[in-house]
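Structure data follow from upload13.pdb (PDB, C-alpha atoms):
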```
MODEL        1
ATOM      1  CA  MET A 911       4.064 -13.550 -39.725  1.00  0.00           C
ATOM      2  CA  SER A 912       5.115 -16.084 -37.112  1.00  0.00           C
ATOM      3  CA  GLU A 913       7.205 -15.254 -34.028  1.00  0.00           C
ATOM      4  CA  SER A 914      10.263 -16.917 -35.591  1.00  0.00           C
ATOM      5  CA  GLU A 915       9.925 -14.630 -38.637  1.00  0.00           C
ATOM      6  CA  SER A 916       9.720 -11.424 -36.584  1.00  0.00           C
ATOM      7  CA  PRO A 917      12.057  -8.648 -37.795  1.00  0.00           C
ATOM      8  CA  PHE A 918      12.521  -7.554 -34.166  1.00  0.00           C
ATOM      9  CA  PRO A 919      15.225  -9.077 -31.964  1.00  0.00           C
ATOM     10  CA  THR A 920      14.018 -11.139 -29.040  1.00  0.00           C
ATOM     11  CA  SER A 921      14.734  -9.941 -25.548  1.00  0.00           C
ATOM     12  CA  PRO A 922      15.595 -12.023 -22.488  1.00  0.00           C
ATOM     13  CA  VAL A 923      13.602  -9.538 -20.406  1.00  0.00           C
ATOM     14  CA  MET A 924       9.995 -10.468 -19.910  1.00  0.00           C
ATOM     15  CA  PRO A 925       7.687  -7.469 -19.519  1.00  0.00           C
ATOM     16  CA  ALA A 926       5.452  -7.313 -16.484  1.00  0.00           C
ATOM     17  CA  THR A 927       2.214  -5.448 -15.918  1.00  0.00           C
ATOM     18  CA  LEU A 928       2.177  -3.371 -12.723  1.00  0.00           C
ATOM     19  CA  GLU A 929      -0.890  -2.296 -10.807  1.00  0.00           C
ATOM     20  CA  GLY A 930      -1.506   1.440 -10.353  1.00  0.00           C
ATOM     21  CA  GLY A 931      -0.134   1.573  -6.803  1.00  0.00           C
ATOM     22  CA  ALA A 932       2.949  -0.569  -7.503  1.00  0.00           C
ATOM     23  CA  ARG A 933       6.379   0.950  -7.055  1.00  0.00           C
ATOM     24  CA  LEU A 934       8.945   0.566  -9.796  1.00  0.00           C
ATOM     25  CA  LYS A 935      12.421  -0.295  -8.497  1.00  0.00           C
ATOM     26  CA  PHE A 936      15.505   0.435 -10.560  1.00  0.00           C
ATOM     27  CA  GLN A 937      19.150   0.566  -9.628  1.00  0.00           C
ATOM     28  CA  CYS A 938      21.939   1.771 -11.863  1.00  0.00           C
ATOM     29  CA  ARG A 939      25.328   0.685 -10.596  1.00  0.00           C
ATOM     30  CA  LYS A 940      28.874  -0.015 -11.653  1.00  0.00           C
ATOM     31  CA  GLY A 941      29.539  -3.559 -12.788  1.00  0.00           C
ATOM     32  CA  ILE A 942      26.625  -3.839 -15.221  1.00  0.00           C
ATOM     33  CA  ALA A 943      27.248  -3.588 -18.957  1.00  0.00           C
ATOM     34  CA  CYS A 944      25.118  -0.487 -19.494  1.00  0.00           C
ATOM     35  CA  TRP A 945      26.490   1.468 -16.487  1.00  0.00           C
ATOM     36  CA  ASN A 946      25.848   5.162 -17.093  1.00  0.00           C
ATOM     37  CA  ALA A 947      24.969   4.604 -20.779  1.00  0.00           C
ATOM     38  CA  CYS A 948      21.515   6.139 -20.405  1.00  0.00           C
ATOM     39  CA  CYS A 949      22.698   9.245 -18.574  1.00  0.00           C
ATOM     40  CA  SER A 950      26.032   9.931 -20.255  1.00  0.00           C
ATOM     41  CA  ASN A 951      24.423  12.781 -22.203  1.00  0.00           C
ATOM     42  CA  ILE A 952      21.900  13.743 -19.553  1.00  0.00           C
ATOM     43  CA  ASP A 953      19.723  16.722 -20.399  1.00  0.00           C
ATOM     44  CA  ILE A 954      16.860  16.857 -17.906  1.00  0.00           C
ATOM     45  CA  SER A 955      15.229  20.222 -17.288  1.00  0.00           C
ATOM     46  CA  LEU A 956      13.689  20.608 -13.849  1.00  0.00           C
ATOM     47  CA  THR A 957      10.431  22.335 -13.029  1.00  0.00           C
ATOM     48  CA  PRO A 958       9.979  24.226  -9.753  1.00  0.00           C
ATOM     49  CA  TYR A 959       7.910  21.255  -8.532  1.00  0.00           C
ATOM     50  CA  ASP A 960      10.784  18.857  -9.358  1.00  0.00           C
ATOM     51  CA  ILE A 961      13.167  21.047  -7.362  1.00  0.00           C
ATOM     52  CA  LEU A 962      10.846  21.146  -4.345  1.00  0.00           C
ATOM     53  CA  ARG A 963      10.373  17.375  -4.300  1.00  0.00           C
ATOM     54  CA  LEU A 964      14.074  16.597  -4.781  1.00  0.00           C
ATOM     55  CA  LYS A 965      15.345  19.092  -2.214  1.00  0.00           C
ATOM     56  CA  GLN A 966      12.882  17.731   0.351  1.00  0.00           C
ATOM     57  CA  ARG A 967      13.910  14.152  -0.448  1.00  0.00           C
ATOM     58  CA  PHE A 968      17.602  15.036   0.048  1.00  0.00           C
ATOM     59  CA  GLU A 969      16.742  17.169   3.097  1.00  0.00           C
ATOM     60  CA  LEU A 970      18.503  20.208   1.639  1.00  0.00           C
ATOM     61  CA  SER A 971      17.594  23.852   1.301  1.00  0.00           C
ATOM     62  CA  SER A 972      16.701  25.018  -2.201  1.00  0.00           C
ATOM     63  CA  SER A 973      20.031  26.853  -2.438  1.00  0.00           C
ATOM     64  CA  GLU A 974      22.014  23.764  -1.406  1.00  0.00           C
ATOM     65  CA  PHE A 975      20.137  21.525  -3.840  1.00  0.00           C
ATOM     66  CA  LEU A 976      20.550  23.946  -6.743  1.00  0.00           C
ATOM     67  CA  ALA A 977      24.290  24.384  -6.064  1.00  0.00           C
ATOM     68  CA  GLN A 978      25.018  20.655  -5.749  1.00  0.00           C
ATOM     69  CA  TYR A 979      22.710  19.003  -8.261  1.00  0.00           C
ATOM     70  CA  THR A 980      21.836  21.453 -11.034  1.00  0.00           C
ATOM     71  CA  VAL A 981      23.338  23.648 -13.727  1.00  0.00           C
ATOM     72  CA  PRO A 982      21.675  26.838 -14.986  1.00  0.00           C
ATOM     73  CA  TYR A 983      20.769  27.382 -18.628  1.00  0.00           C
ATOM     74  CA  GLU A 984      18.827  29.793 -20.818  1.00  0.00           C
ATOM     75  CA  MET A 985      15.936  28.250 -22.744  1.00  0.00           C
ATOM     76  CA  ASP A 986      16.421  30.601 -25.700  1.00  0.00           C
ATOM     77  CA  ARG A 987      18.639  33.579 -26.250  1.00  0.00           C
ATOM     78  CA  ASP A 988      17.186  36.499 -24.252  1.00  0.00           C
ATOM     79  CA  SER A 989      14.688  34.076 -22.702  1.00  0.00           C
ATOM     80  CA  ILE A 990      13.852  32.874 -19.229  1.00  0.00           C
ATOM     81  CA  ALA A 991      16.391  30.924 -17.223  1.00  0.00           C
ATOM     82  CA  GLY A 992      15.994  27.330 -16.163  1.00  0.00           C
ATOM     83  CA  VAL A 993      17.954  24.612 -14.425  1.00  0.00           C
ATOM     84  CA  LYS A 994      18.974  21.144 -15.554  1.00  0.00           C
ATOM     85  CA  LEU A 995      19.968  18.149 -13.516  1.00  0.00           C
ATOM     86  CA  ARG A 996      23.752  17.991 -13.237  1.00  0.00           C
ATOM     87  CA  PRO A 997      25.295  14.776 -14.656  1.00  0.00           C
ATOM     88  CA  VAL A 998      26.193  12.224 -11.965  1.00  0.00           C
ATOM     89  CA  GLU A 999      30.000  12.484 -12.221  1.00  0.00           C
ATOM     90  CA  ALA A1000      29.851  16.297 -12.205  1.00  0.00           C
ATOM     91  CA  ALA A1001      27.613  16.229  -9.128  1.00  0.00           C
ATOM     92  CA  ARG A1002      30.117  13.988  -7.310  1.00  0.00           C
ATOM     93  CA  ARG A1003      32.972  16.411  -8.120  1.00  0.00           C
ATOM     94  CA  ALA A1004      30.888  19.317  -6.766  1.00  0.00           C
ATOM     95  CA  ASP A1005      30.484  17.446  -3.457  1.00  0.00           C
ATOM     96  CA  SER A1006      34.258  17.033  -3.070  1.00  0.00           C
TER      97      SER A1006
ENDMDL
END
```

Full structure transcribed into C-alpha cells:
Amino acid sequence: MSESESPFPTSPVMPATLEGGARLKFQCRKGIACWNACCSNIDISLTPYDILRLKQRFELSSSEFLAQYTVPYEMDRDSIAGVKLRPVEAARRADS
C-alpha cells in the first residue's frame, strides 16, 4: 500500500526522536484549539512519590499541597483511600 493509499489521516506534526537525557517541553494554554481538551475529564491518581515530588516542586507542605491540588477518593468500597489530582479549574477556585 502506498502512502497516498494509507487509511490513516496525515498529520502536519512531524515526529522527532529525543535522546535519553532530552527534556520534553509542553505548554497548554488558552488560545489554542485543544485548550483543556485532554484534561477536561482528568482522573490521575497520585502515588506517595508523586505527592512528594509535586509538593517539593511547588515549595508547599504536604498538607498544603493535598488541600490545594488533590481530591480524596476510595479505590473500592471499604478499601484504602487515595488522592487524585484536582482538575485545573477546580484547583484555581480552591486558591481563591

Q | Selected residue, from A:Ala926, A:Cys944, A:Ile961, A:Ala932, that lies nearest to Gly992 (chain A) when counting all atoms listed in the file | A |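 Looking at the shortest contact to Gly992 (chain A), the residue is A:Ile961.
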
Q) Which value, in Å to one decimal, gives the distance between CA of Gln937 (chain A) and CA of Ser973 (chain A)? A) 27.3 Å

Q: Could you state which residues are captured by the PyMOL selection byres ((chain A and resi 995) around 10) in this file, as number ranges by chain?
A: A: 952-956, 961, 976, 978-982, 993-994, 996-998, 1001

Q) What is the distance, in Å and to one decimal place, between CA of Asp986 (chain A) and CA of Ala947 (chain A)? A)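 CA of Ala947 (chain A) lies 27.8 Å from CA of Asp986 (chain A).
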
Q: Identify, on the basis of only C-alpha atoms, every residue whose closest approach to Glu974 (chain A) does not exceed 12 Å; exclude the query and any residue fewer than 2 positions from it along the same chain; express the result as a PyMOL selection string.
A: chain A and resi 961-962+964-966+968-972+976-980+1004-1005

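The spacing separating CA of Gly930 (chain A) from CA of Pro958 (chain A) amounts to 25.5 Å.
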